[in-house]
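**Q** Hey, dropping start_5.cif in here, mmCIF, C-alpha atoms:
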data_upload
loop_
_atom_site.group_PDB
_atom_site.id
_atom_site.type_symbol
_atom_site.label_atom_id
_atom_site.label_comp_id
_atom_site.auth_asym_id
_atom_site.auth_seq_id
_atom_site.Cartn_x
_atom_site.Cartn_y
_atom_site.Cartn_z
ATOM 1 C CA MET A 5 12.786 -41.834 5.196
ATOM 2 C CA THR A 6 9.230 -42.168 6.476
ATOM 3 C CA VAL A 7 7.137 -39.393 7.913
ATOM 4 C CA HIS A 8 7.526 -40.944 11.369
ATOM 5 C CA SER A 9 11.300 -41.105 11.150
ATOM 6 C CA ARG A 10 11.509 -37.506 9.975
ATOM 7 C CA MET A 11 9.410 -36.472 12.959
ATOM 8 C CA PHE A 12 11.656 -38.433 15.317
ATOM 9 C CA ASN A 13 14.782 -36.802 13.952
ATOM 10 C CA PHE A 14 13.260 -33.395 14.490
ATOM 11 C CA LEU A 15 12.273 -34.169 18.056
ATOM 12 C CA VAL A 16 15.764 -35.185 19.127
ATOM 13 C CA ILE A 17 17.378 -31.976 17.845
ATOM 14 C CA PRO A 18 18.894 -30.137 20.822
ATOM 15 C CA LEU A 19 16.848 -27.309 22.217
ATOM 16 C CA THR A 20 19.719 -24.918 21.550
ATOM 17 C CA VAL A 21 19.219 -25.570 17.860
ATOM 18 C CA LEU A 22 15.461 -25.292 18.115
ATOM 19 C CA GLY A 23 15.978 -21.857 19.594
ATOM 20 C CA LEU A 24 17.128 -20.752 16.154
ATOM 21 C CA THR A 25 13.979 -21.960 14.397
ATOM 22 C CA ALA A 26 10.465 -20.588 14.166
ATOM 23 C CA CYS A 27 9.986 -21.457 17.828
ATOM 24 C CA SER A 28 12.366 -18.705 18.876
ATOM 25 C CA GLU A 29 11.095 -15.648 20.668
ATOM 26 C CA PRO A 30 11.020 -12.287 18.831
ATOM 27 C CA THR A 31 14.252 -10.362 19.188
ATOM 28 C CA ALA A 32 14.399 -7.167 21.208
ATOM 29 C CA SER A 33 14.940 -5.278 17.957
ATOM 30 C CA ALA A 34 11.821 -6.782 16.367
ATOM 31 C CA VAL A 35 9.730 -5.951 19.431
ATOM 32 C CA ALA A 36 11.028 -2.369 19.405
ATOM 33 C CA GLN A 37 10.141 -2.020 15.715
ATOM 34 C CA ASP A 38 6.629 -3.336 16.329
ATOM 35 C CA ASN A 39 6.206 -0.924 19.229
ATOM 36 C CA ALA A 40 7.435 2.005 17.135
ATOM 37 C CA LEU A 41 4.927 1.199 14.391
ATOM 38 C CA GLU A 42 2.086 0.884 16.879
ATOM 39 C CA GLN A 43 3.033 4.226 18.427
ATOM 40 C CA ALA A 44 3.032 5.873 14.998
ATOM 41 C CA VAL A 45 -0.439 4.498 14.244
ATOM 42 C CA GLN A 46 -1.801 5.527 17.645
ATOM 43 C CA ALA A 47 -0.116 8.939 17.707
ATOM 44 C CA GLU A 48 -2.232 11.874 18.883
ATOM 45 C CA SER A 49 -0.829 13.926 16.012
ATOM 46 C CA ARG A 50 -2.942 11.961 13.515
ATOM 47 C CA GLN A 51 -6.235 13.542 12.488
ATOM 48 C CA ASP A 52 -9.280 11.980 14.132
ATOM 49 C CA THR A 53 -11.021 11.565 10.784
ATOM 50 C CA ASN A 54 -8.054 9.547 9.553
ATOM 51 C CA LYS A 55 -7.910 7.387 12.659
ATOM 52 C CA ALA A 56 -11.601 6.582 12.220
ATOM 53 C CA ARG A 57 -10.756 4.748 8.996
ATOM 54 C CA ASP A 58 -8.133 2.474 10.553
ATOM 55 C CA LYS A 59 -10.700 -0.325 10.889
ATOM 56 C CA PHE A 60 -10.984 -0.388 7.093
ATOM 57 C CA ARG A 61 -7.412 0.456 6.102
ATOM 58 C CA ASN A 62 -5.613 -1.576 8.803
ATOM 59 C CA PRO A 63 -2.395 0.467 8.595
ATOM 60 C CA GLN A 64 -0.419 -1.303 11.299
ATOM 61 C CA GLN A 65 -1.103 -4.794 9.955
ATOM 62 C CA THR A 66 -0.584 -3.667 6.360
ATOM 63 C CA LEU A 67 2.774 -1.984 6.951
ATOM 64 C CA ALA A 68 3.941 -4.894 9.099
ATOM 65 C CA PHE A 69 2.989 -7.301 6.301
ATOM 66 C CA PHE A 70 5.129 -5.327 3.871
ATOM 67 C CA GLY A 71 8.013 -5.572 6.345
ATOM 68 C CA ILE A 72 8.607 -1.904 7.014
ATOM 69 C CA ARG A 73 11.376 -0.913 9.442
ATOM 70 C CA PRO A 74 12.166 2.519 10.908
ATOM 71 C CA ASN A 75 15.609 2.752 9.285
ATOM 72 C CA MET A 76 14.343 2.254 5.725
ATOM 73 C CA THR A 77 14.246 4.605 2.770
ATOM 74 C CA VAL A 78 10.602 4.521 1.700
ATOM 75 C CA VAL A 79 8.720 6.060 -1.216
ATOM 76 C CA GLU A 80 5.026 6.753 -0.766
ATOM 77 C CA VAL A 81 3.425 7.127 -4.194
ATOM 78 C CA SER A 82 0.664 9.713 -4.668
ATOM 79 C CA PRO A 83 0.172 10.451 -0.953
ATOM 80 C CA GLY A 84 -2.796 12.780 -1.572
ATOM 81 C CA GLY A 85 -3.661 14.572 1.644
ATOM 82 C CA GLY A 86 -1.292 12.445 3.682
ATOM 83 C CA TRP A 87 -3.442 9.721 5.248
ATOM 84 C CA TYR A 88 -0.598 7.206 5.345
ATOM 85 C CA THR A 89 2.014 9.951 5.552
ATOM 86 C CA GLU A 90 0.782 10.800 9.061
ATOM 87 C CA ILE A 91 2.043 7.346 10.080
ATOM 88 C CA LEU A 92 5.082 6.988 7.850
ATOM 89 C CA ALA A 93 6.628 10.418 8.480
ATOM 90 C CA PRO A 94 7.074 10.162 12.262
ATOM 91 C CA TYR A 95 7.911 6.452 12.026
ATOM 92 C CA LEU A 96 10.804 7.098 9.624
ATOM 93 C CA LYS A 97 11.801 10.546 10.884
ATOM 94 C CA GLN A 98 14.686 9.598 13.161
ATOM 95 C CA ASP A 99 16.463 6.738 11.388
ATOM 96 C CA GLY A 100 14.894 6.476 7.945
ATOM 97 C CA LEU A 101 13.922 8.620 4.981
ATOM 98 C CA LEU A 102 10.536 9.210 3.351
ATOM 99 C CA TYR A 103 10.068 10.359 -0.234
ATOM 100 C CA ALA A 104 6.551 11.575 -1.020
ATOM 101 C CA ALA A 105 6.096 11.191 -4.778
ATOM 102 C CA HIS A 106 3.215 13.609 -5.260
ATOM 103 C CA PHE A 107 1.553 15.037 -8.367
ATOM 104 C CA PRO A 108 3.916 16.963 -10.676
ATOM 105 C CA ALA A 109 4.385 20.629 -9.809
ATOM 106 C CA ASP A 110 3.346 21.646 -13.321
ATOM 107 C CA SER A 111 0.103 19.629 -13.308
ATOM 108 C CA SER A 112 -2.497 21.042 -15.658
ATOM 109 C CA SER A 113 -5.291 19.700 -13.467
ATOM 110 C CA GLY A 114 -6.474 22.207 -10.873
ATOM 111 C CA TYR A 115 -7.222 19.390 -8.428
ATOM 112 C CA TYR A 116 -3.704 17.950 -8.771
ATOM 113 C CA ALA A 117 -2.124 21.366 -8.311
ATOM 114 C CA ARG A 118 -4.206 22.164 -5.212
ATOM 115 C CA SER A 119 -3.563 18.754 -3.692
ATOM 116 C CA ARG A 120 0.194 19.056 -4.149
ATOM 117 C CA GLN A 121 0.274 22.616 -2.817
ATOM 118 C CA ALA A 122 -1.662 21.652 0.312
ATOM 119 C CA PHE A 123 0.723 18.756 0.913
ATOM 120 C CA VAL A 124 3.827 20.933 0.420
ATOM 121 C CA GLU A 125 2.417 23.470 2.876
ATOM 122 C CA ARG A 126 1.940 20.721 5.429
ATOM 123 C CA VAL A 127 5.519 19.553 4.942
ATOM 124 C CA THR A 128 6.599 23.130 5.594
ATOM 125 C CA ASN A 129 4.444 23.692 8.672
ATOM 126 C CA ASP A 130 3.940 20.290 10.325
ATOM 127 C CA ALA A 131 6.905 19.230 12.470
ATOM 128 C CA ASN A 132 6.070 15.557 11.935
ATOM 129 C CA PHE A 133 6.374 16.049 8.157
ATOM 130 C CA ALA A 134 9.556 18.121 8.355
ATOM 131 C CA ASN A 135 12.024 15.540 7.044
ATOM 132 C CA ILE A 136 9.962 14.426 4.042
ATOM 133 C CA VAL A 137 11.506 14.814 0.599
ATOM 134 C CA VAL A 138 8.751 15.755 -1.857
ATOM 135 C CA THR A 139 9.304 14.416 -5.380
ATOM 136 C CA GLU A 140 7.000 13.949 -8.372
ATOM 137 C CA PHE A 141 5.162 11.033 -9.898
ATOM 138 C CA ALA A 142 2.935 10.495 -12.905
ATOM 139 C CA PRO A 143 2.743 7.280 -14.944
ATOM 140 C CA PHE A 144 4.156 8.918 -18.068
ATOM 141 C CA SER A 145 6.529 11.316 -16.314
ATOM 142 C CA GLU A 146 10.306 11.163 -16.702
ATOM 143 C CA THR A 147 10.989 12.644 -13.261
ATOM 144 C CA GLU A 148 12.470 10.446 -10.516
ATOM 145 C CA ILE A 149 10.375 9.416 -7.519
ATOM 146 C CA ALA A 150 13.699 8.778 -5.724
ATOM 147 C CA PRO A 151 17.298 8.311 -6.862
ATOM 148 C CA PRO A 152 17.654 5.058 -8.819
ATOM 149 C CA GLY A 153 18.428 2.053 -6.644
ATOM 150 C CA SER A 154 18.061 4.016 -3.395
ATOM 151 C CA ALA A 155 14.737 2.852 -1.906
ATOM 152 C CA ASP A 156 14.169 -0.100 0.393
ATOM 153 C CA MET A 157 10.402 0.072 -0.121
ATOM 154 C CA VAL A 158 7.854 1.663 -2.452
ATOM 155 C CA LEU A 159 4.236 1.853 -1.295
ATOM 156 C CA THR A 160 1.110 2.600 -3.320
ATOM 157 C CA PHE A 161 -2.334 2.619 -1.767
ATOM 158 C CA ARG A 162 -5.472 2.604 -3.975
ATOM 159 C CA ASN A 163 -3.828 4.240 -6.978
ATOM 160 C CA LEU A 164 -3.710 1.596 -9.711
ATOM 161 C CA HIS A 165 -7.317 2.155 -10.732
ATOM 162 C CA ASN A 166 -6.630 5.847 -11.383
ATOM 163 C CA TRP A 167 -3.661 5.084 -13.615
ATOM 164 C CA TYR A 168 -5.593 2.420 -15.470
ATOM 165 C CA MET A 169 -8.692 4.539 -16.032
ATOM 166 C CA ASN A 170 -6.536 7.370 -17.400
ATOM 167 C CA GLY A 171 -3.946 5.402 -19.368
ATOM 168 C CA GLY A 172 -4.752 1.690 -19.533
ATOM 169 C CA ASP A 173 -2.173 -1.087 -19.348
ATOM 170 C CA GLU A 174 0.649 1.183 -20.453
ATOM 171 C CA ALA A 175 0.137 3.613 -17.587
ATOM 172 C CA VAL A 176 0.149 0.852 -14.971
ATOM 173 C CA GLN A 177 3.224 -0.794 -16.452
ATOM 174 C CA ASN A 178 5.068 2.528 -16.690
ATOM 175 C CA ALA A 179 4.279 3.190 -13.032
ATOM 176 C CA PHE A 180 5.645 -0.197 -11.978
ATOM 177 C CA LEU A 181 8.769 0.413 -14.041
ATOM 178 C CA GLN A 182 9.416 3.667 -12.149
ATOM 179 C CA PHE A 183 9.045 1.791 -8.868
ATOM 180 C CA TYR A 184 11.426 -0.925 -10.048
ATOM 181 C CA THR A 185 14.027 1.699 -10.990
ATOM 182 C CA ALA A 186 13.835 3.450 -7.609
ATOM 183 C CA LEU A 187 14.192 0.265 -5.556
ATOM 184 C CA LYS A 188 17.397 -1.381 -4.444
ATOM 185 C CA PRO A 189 17.873 -5.020 -5.446
ATOM 186 C CA GLY A 190 15.889 -6.924 -2.820
ATOM 187 C CA GLY A 191 13.633 -3.912 -2.231
ATOM 188 C CA VAL A 192 9.914 -4.326 -1.609
ATOM 189 C CA LEU A 193 6.910 -2.984 -3.502
ATOM 190 C CA GLY A 194 3.668 -2.913 -1.504
ATOM 191 C CA VAL A 195 0.400 -2.564 -3.429
ATOM 192 C CA VAL A 196 -3.168 -2.120 -2.156
ATOM 193 C CA ASP A 197 -6.190 -1.494 -4.353
ATOM 194 C CA HIS A 198 -9.913 -2.104 -4.701
ATOM 195 C CA ARG A 199 -10.523 -5.687 -5.883
ATOM 196 C CA LEU A 200 -12.659 -6.683 -8.858
ATOM 197 C CA PRO A 201 -13.642 -10.385 -8.856
ATOM 198 C CA GLU A 202 -11.649 -12.355 -11.419
ATOM 199 C CA ASN A 203 -14.816 -13.669 -13.101
ATOM 200 C CA ARG A 204 -15.965 -10.193 -14.068
ATOM 201 C CA PRO A 205 -15.212 -8.718 -17.533
ATOM 202 C CA ASP A 206 -11.937 -6.789 -17.814
ATOM 203 C CA THR A 207 -13.958 -3.873 -19.146
ATOM 204 C CA ASP A 208 -15.363 -3.364 -15.640
ATOM 205 C CA MET A 209 -11.956 -1.996 -14.648
ATOM 206 C CA ALA A 210 -12.360 0.930 -17.032
ATOM 207 C CA SER A 211 -14.649 3.018 -14.832
ATOM 208 C CA SER A 212 -15.603 1.156 -11.639
ATOM 209 C CA GLY A 213 -12.481 1.937 -9.616
ATOM 210 C CA TYR A 214 -12.007 -1.803 -9.019
ATOM 211 C CA MET A 215 -9.007 -3.737 -10.382
ATOM 212 C CA LYS A 216 -8.394 -7.436 -10.859
ATOM 213 C CA GLU A 217 -5.754 -8.726 -8.474
ATOM 214 C CA ASN A 218 -4.160 -10.991 -11.075
ATOM 215 C CA PHE A 219 -3.963 -8.070 -13.502
ATOM 216 C CA ALA A 220 -1.915 -6.127 -10.940
ATOM 217 C CA VAL A 221 0.348 -9.138 -10.467
ATOM 218 C CA ALA A 222 0.852 -9.534 -14.229
ATOM 219 C CA MET A 223 1.711 -5.861 -14.680
ATOM 220 C CA ALA A 224 4.280 -5.959 -11.870
ATOM 221 C CA GLU A 225 5.846 -9.192 -13.071
ATOM 222 C CA ALA A 226 6.082 -7.806 -16.617
ATOM 223 C CA VAL A 227 8.692 -5.262 -15.477
ATOM 224 C CA GLY A 228 10.666 -7.754 -13.379
ATOM 225 C CA PHE A 229 9.040 -7.875 -9.938
ATOM 226 C CA GLU A 230 8.491 -11.178 -8.162
ATOM 227 C CA LEU A 231 5.345 -11.737 -6.104
ATOM 228 C CA VAL A 232 6.293 -12.664 -2.543
ATOM 229 C CA GLU A 233 2.922 -12.956 -0.830
ATOM 230 C CA ARG A 234 -0.746 -11.994 -0.966
ATOM 231 C CA SER A 235 -2.693 -10.947 2.128
ATOM 232 C CA GLU A 236 -6.375 -10.653 3.011
ATOM 233 C CA ILE A 237 -5.687 -7.987 5.657
ATOM 234 C CA ASN A 238 -7.793 -5.463 3.743
ATOM 235 C CA SER A 239 -10.492 -7.783 2.423
ATOM 236 C CA ASN A 240 -14.195 -7.066 2.873
ATOM 237 C CA PRO A 241 -16.466 -9.963 1.855
ATOM 238 C CA ARG A 242 -19.545 -7.713 2.149
ATOM 239 C CA ASP A 243 -18.416 -5.716 -0.879
ATOM 240 C CA THR A 244 -19.846 -7.136 -4.126
ATOM 241 C CA ALA A 245 -17.981 -4.593 -6.302
ATOM 242 C CA ASP A 246 -21.012 -4.005 -8.517
ATOM 243 C CA HIS A 247 -22.370 -0.692 -7.267
ATOM 244 C CA PRO A 248 -24.080 1.947 -9.443
ATOM 245 C CA ARG A 249 -21.304 4.537 -8.979
ATOM 246 C CA GLY A 250 -18.471 2.062 -8.701
ATOM 247 C CA VAL A 251 -16.272 2.007 -5.629
ATOM 248 C CA TRP A 252 -17.255 5.604 -4.873
ATOM 249 C CA THR A 253 -20.754 4.382 -3.976
ATOM 250 C CA LEU A 254 -19.266 3.089 -0.721
ATOM 251 C CA PRO A 255 -17.787 5.008 2.220
ATOM 252 C CA PRO A 256 -16.057 7.310 2.554
ATOM 253 C CA THR A 257 -17.327 8.951 -0.660
ATOM 254 C CA LEU A 258 -20.979 7.759 -0.617
ATOM 255 C CA ARG A 259 -21.547 9.337 -4.005
ATOM 256 C CA LEU A 260 -25.284 8.546 -4.021
ATOM 257 C CA GLY A 261 -25.802 10.767 -1.005
ATOM 258 C CA ASP A 262 -28.750 9.658 1.092
ATOM 259 C CA GLU A 263 -29.909 7.062 -1.448
ATOM 260 C CA ASN A 264 -29.485 3.647 0.234
ATOM 261 C CA ARG A 265 -26.949 5.295 2.514
ATOM 262 C CA ASP A 266 -27.519 2.880 5.390
ATOM 263 C CA THR A 267 -26.997 -0.099 3.084
ATOM 264 C CA TYR A 268 -23.692 1.170 1.718
ATOM 265 C CA SER A 269 -22.512 2.327 5.127
ATOM 266 C CA ALA A 270 -23.187 -1.167 6.467
ATOM 267 C CA ILE A 271 -20.993 -2.637 3.730
ATOM 268 C CA GLY A 272 -18.149 -0.347 4.747
ATOM 269 C CA GLU A 273 -15.150 0.521 2.619
ATOM 270 C CA SER A 274 -14.177 -1.582 -0.390
ATOM 271 C CA ASP A 275 -12.788 -5.084 -0.608
ATOM 272 C CA ARG A 276 -9.052 -4.708 -1.309
ATOM 273 C CA PHE A 277 -6.155 -6.882 -2.331
ATOM 274 C CA THR A 278 -2.782 -6.471 -0.637
ATOM 275 C CA LEU A 279 0.278 -7.615 -2.563
ATOM 276 C CA LYS A 280 3.951 -7.771 -1.614
ATOM 277 C CA PHE A 281 6.527 -7.848 -4.422
ATOM 278 C CA VAL A 282 10.314 -7.864 -4.412
ATOM 279 C CA LYS A 283 12.880 -6.605 -6.897
ATOM 280 C CA PRO A 284 15.210 -9.573 -7.444
ATOM 281 C CA LYS A 285 18.709 -9.205 -6.065
ATOM 282 C CA THR A 286 20.145 -10.386 -9.371
ATOM 283 C CA ASP A 287 18.539 -9.433 -12.683
#
Just give me the structure of the file as structure tokens.
**A**
Amino acid sequence: MTVHSRMFNFLVIPLTVLGLTACSEPTASAVAQDNALEQAVQAESRQDTNKARDKFRNPQQTLAFFGIRPNMTVVEVSPGGGWYTEILAPYLKQDGLLYAAHFPADSSSGYYARSRQAFVERVTNDANFANIVVTEFAPFSETEIAPPGSADMVLTFRNLHNWYMNGGDEAVQNAFLQFYTALKPGGVLGVVDHRLPENRPDTDMASSGYMKENFAVAMAEAVGFELVERSEINSNPRDTADHPRGVWTLPPTLRLGDENRDTYSAIGESDRFTLKFVKPKTD
């Protein structure tokens, strides 16, 4: 069959059939889900300092790319102070469930302990965080981030570099294995991190805070995940990823203080890869 004949056959398909193809209008349910996500991102309950970073973190586009829905069971890994939690908690509060896999309660690090305690206090006192289930995560921990096979989605934002700098390949692979265990067959893993150009030495990942995208893919695939799609939602072509204090040279940290501050502020936050993986439905 020629290209022209294939085109002809397509054109004579009844419109009722075409209505079931990509030409169809979004369903009422899909529109409602999009509206709910937009409302969560625009909510007045979010801190103004967090909202100010939306232009760099693109939360609505990122979560939509991962395919989040309000009735899902979602695990947010290492939520820190709750930047993404401010969106996820109210979005999932009514029909879904959010696990916040924070630092272990017995962390020896004072920073980890303080960060977890502040988050737990917010869960206790913030009505929007009320239904969150706080669990524990560390790359070499044996605790569960969620019951095995229970999660529809696991999300990790700018965490891989920390695991790698503290534990190398093994730490990253162990983390992915925990995510794989928590997910249902067909569940989604969403990963965002600072991107190191592929032509740079692997050793640059050791202290710069930047990770190679293909390294992240290889680590995820090694435990059984399948890469579904890559996105440039969080890319920043102005970021050369070769700064004197690594990624922390850029906003929001600006570790050099006033030194070349205008230059780094003009670059903005880091260039980031955004990866969507799936746990196969049959192993």
**Q** Hey, what's within 8 Å of stretch 138-146 of chain A if we count only C-alpha atoms and toss same-chain stuff fewer than 2 positions away? As an MDAnalysis selection string, please?
**A** chainID A and resid 81:82 103:109 124 136 148:150 167 175:176 178:179
**Q** Would you kindly translate the PyMOL selection byres ((chain A and resi 246) around 10) into the concrete residues it picks from this file, as a PyMOL selection string?
**A** chain A and resi 200-201+204+208+212+214+243-245+247-251+253
**Q** Quick one: residues within 12 Å of A:Ala34, only C-alpha atoms, excluding same-chain residues fewer than 6 positions away - as a list in words?
**A**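 The filter keeps Ala40, Leu41, Ala68, Gly71, Ile72, Arg73 and Pro74 of chain A.
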**Q** Near stretch 85-97 of chain A, within 7 Å and counting all atoms listed in the file, which residues show up once chain neighbours fewer than 2 positions away are dropped, as a list in words?
**A** Ala40, Leu41, Ala44, Val45, Arg50, Asn54, Pro74, Asn75, Pro83, Asp99, Gly100, Leu101, Leu102, Ser119, Phe123, Asn132, Phe133, Asn135 and Ile136 of chain A
**Q** Would you translate the PyMOL selection byres ((chain A and resi 222-235) around 10) into the concrete set of residues it matches in this file, as a count of residues only?
**A** 40
**Q** What is the atom CA of A:Ser49-atom CA of A:Leu258 distance in Å, reported with one decimal?
**A**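 Pair atom CA of A:Ser49 / atom CA of A:Leu258 returns 26.8 Å.
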**Q** Could you tell me which residues the PyMOL selection byres ((chain A and resi 266-274) around 6) returns for this structure, as a compact mmCIF listing (two decimals) with C-alpha atoms, keeping the file's coordinate frame?
**A**
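Contents of result-v4.txt, as written:
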# COMPACT_ATOMS: atom_id res chain seq x y z
CA ARG A 242 -19.55 -7.71 2.15
CA ASP A 243 -18.42 -5.72 -0.88
CA LEU A 254 -19.27 3.09 -0.72
CA PRO A 255 -17.79 5.01 2.22
CA ASN A 264 -29.48 3.65 0.23
CA ARG A 265 -26.95 5.30 2.51
CA ASP A 275 -12.79 -5.08 -0.61
**Q** In Å, rounded to a single decimal, give me how far atom CA of A:Gln43 is from atom CA of A:Ala134.
**A**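 So the answer is 18.4 Å.
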**Q** Rounded to one decimal, what separation in Å do you get between atom CA of A:Leu164 and atom CA of A:Arg199?
**A**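 Straight-line distance from atom CA of A:Leu164 to atom CA of A:Arg199 works out to 10.7 Å.
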**Q** With all atoms listed in the file as the atoms that count, which of A:Arg120, A:Val79, A:Asp38, A:Pro151 lies nearest to A:Gln65?
**A**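 Looking only at the distances to A:Gln65, the closest residue turns out to be A:Asp38.
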**Q** Which residue gives the smallest distance to A:Gly172 among A:Glu125, A:Asp206, A:Glu80, A:Asp156, with all atoms listed in the file counted?
**A**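 When distances to A:Gly172 are compared using all atoms listed in the file, the smallest one comes from A:Asp206.
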**Q** Which is closer to A:Asn240 than all the others in A:Thr128, A:Ser111, A:Asn62, A:Gln37, using all atoms listed in the file?
**A** A:Asn62
**Q** Provide an axis-aligned box for all listed atoms of stretch 243-259 of chain A, padding each side by 4 Å; report its centre and its edge lengths in Å to one decimal, as JSON.
**A**
{"center_x": -20.1, "center_y": 1.1, "center_z": -3.4, "size_x": 16.0, "size_y": 24.5, "size_z": 20.0}
**Q** Which one of A:Gly84, A:Phe60, A:Trp252, A:Val78 sits closest to A:Ala122 if you count all atoms listed in the file?
**A** A:Gly84
**Q** Any chance you could turn stretch 50-66 of chain A into a file with N, CA and C atoms, as a PDB file, in the first residue's frame?
**A**
ATOM      1  N   ARG A  50      -0.233  28.096  49.573  1.00  0.00           N
ATOM      2  CA  ARG A  50       1.196  27.902  49.300  1.00  0.00           C
ATOM      3  C   ARG A  50       1.989  29.132  49.729  1.00  0.00           C
ATOM      4  N   GLN A  51       3.191  28.925  50.214  1.00  0.00           N
ATOM      5  CA  GLN A  51       4.041  30.032  50.628  1.00  0.00           C
ATOM      6  C   GLN A  51       4.476  30.843  49.407  1.00  0.00           C
ATOM      7  N   ASP A  52       4.512  32.153  49.571  1.00  0.00           N
ATOM      8  CA  ASP A  52       4.873  33.031  48.454  1.00  0.00           C
ATOM      9  C   ASP A  52       6.277  32.744  47.937  1.00  0.00           C
ATOM     10  N   THR A  53       7.194  32.427  48.843  1.00  0.00           N
ATOM     11  CA  THR A  53       8.560  32.129  48.414  1.00  0.00           C
ATOM     12  C   THR A  53       8.609  30.860  47.566  1.00  0.00           C
ATOM     13  N   ASN A  54       7.717  29.937  47.828  1.00  0.00           N
ATOM     14  CA  ASN A  54       7.655  28.724  47.007  1.00  0.00           C
ATOM     15  C   ASN A  54       7.033  29.013  45.651  1.00  0.00           C
ATOM     16  N   LYS A  55       5.967  29.786  45.644  1.00  0.00           N
ATOM     17  CA  LYS A  55       5.329  30.147  44.379  1.00  0.00           C
ATOM     18  C   LYS A  55       6.289  30.884  43.448  1.00  0.00           C
ATOM     19  N   ALA A  56       7.179  31.673  44.030  1.00  0.00           N
ATOM     20  CA  ALA A  56       8.115  32.463  43.226  1.00  0.00           C
ATOM     21  C   ALA A  56       9.045  31.579  42.403  1.00  0.00           C
ATOM     22  N   ARG A  57       9.191  30.321  42.802  1.00  0.00           N
ATOM     23  CA  ARG A  57      10.093  29.419  42.085  1.00  0.00           C
ATOM     24  C   ARG A  57       9.369  28.567  41.039  1.00  0.00           C
ATOM     25  N   ASP A  58       8.076  28.776  40.879  1.00  0.00           N
ATOM     26  CA  ASP A  58       7.321  27.986  39.909  1.00  0.00           C
ATOM     27  C   ASP A  58       7.879  28.137  38.493  1.00  0.00           C
ATOM     28  N   LYS A  59       8.395  29.325  38.163  1.00  0.00           N
ATOM     29  CA  LYS A  59       8.892  29.550  36.807  1.00  0.00           C
ATOM     30  C   LYS A  59      10.120  28.699  36.507  1.00  0.00           C
ATOM     31  N   PHE A  60      10.805  28.227  37.549  1.00  0.00           N
ATOM     32  CA  PHE A  60      11.946  27.345  37.361  1.00  0.00           C
ATOM     33  C   PHE A  60      11.575  25.875  37.554  1.00  0.00           C
ATOM     34  N   ARG A  61      10.642  25.606  38.454  1.00  0.00           N
ATOM     35  CA  ARG A  61      10.315  24.221  38.784  1.00  0.00           C
ATOM     36  C   ARG A  61       9.112  23.685  38.004  1.00  0.00           C
ATOM     37  N   ASN A  62       8.297  24.575  37.443  1.00  0.00           N
ATOM     38  CA  ASN A  62       7.205  24.175  36.549  1.00  0.00           C
ATOM     39  C   ASN A  62       6.363  23.021  37.119  1.00  0.00           C
ATOM     40  N   PRO A  63       5.820  23.191  38.316  1.00  0.00           N
ATOM     41  CA  PRO A  63       5.152  22.053  38.968  1.00  0.00           C
ATOM     42  C   PRO A  63       3.935  21.525  38.227  1.00  0.00           C
ATOM     43  N   GLN A  64       3.121  22.411  37.678  1.00  0.00           N
ATOM     44  CA  GLN A  64       1.911  21.930  37.011  1.00  0.00           C
ATOM     45  C   GLN A  64       2.260  21.105  35.782  1.00  0.00           C
ATOM     46  N   GLN A  65       3.165  21.609  34.951  1.00  0.00           N
ATOM     47  CA  GLN A  65       3.555  20.884  33.745  1.00  0.00           C
ATOM     48  C   GLN A  65       4.277  19.586  34.086  1.00  0.00           C
ATOM     49  N   THR A  66       5.104  19.631  35.141  1.00  0.00           N
ATOM     50  CA  THR A  66       5.871  18.448  35.525  1.00  0.00           C
ATOM     51  C   THR A  66       4.958  17.341  36.026  1.00  0.00           C
TER      52      THR A  66
END
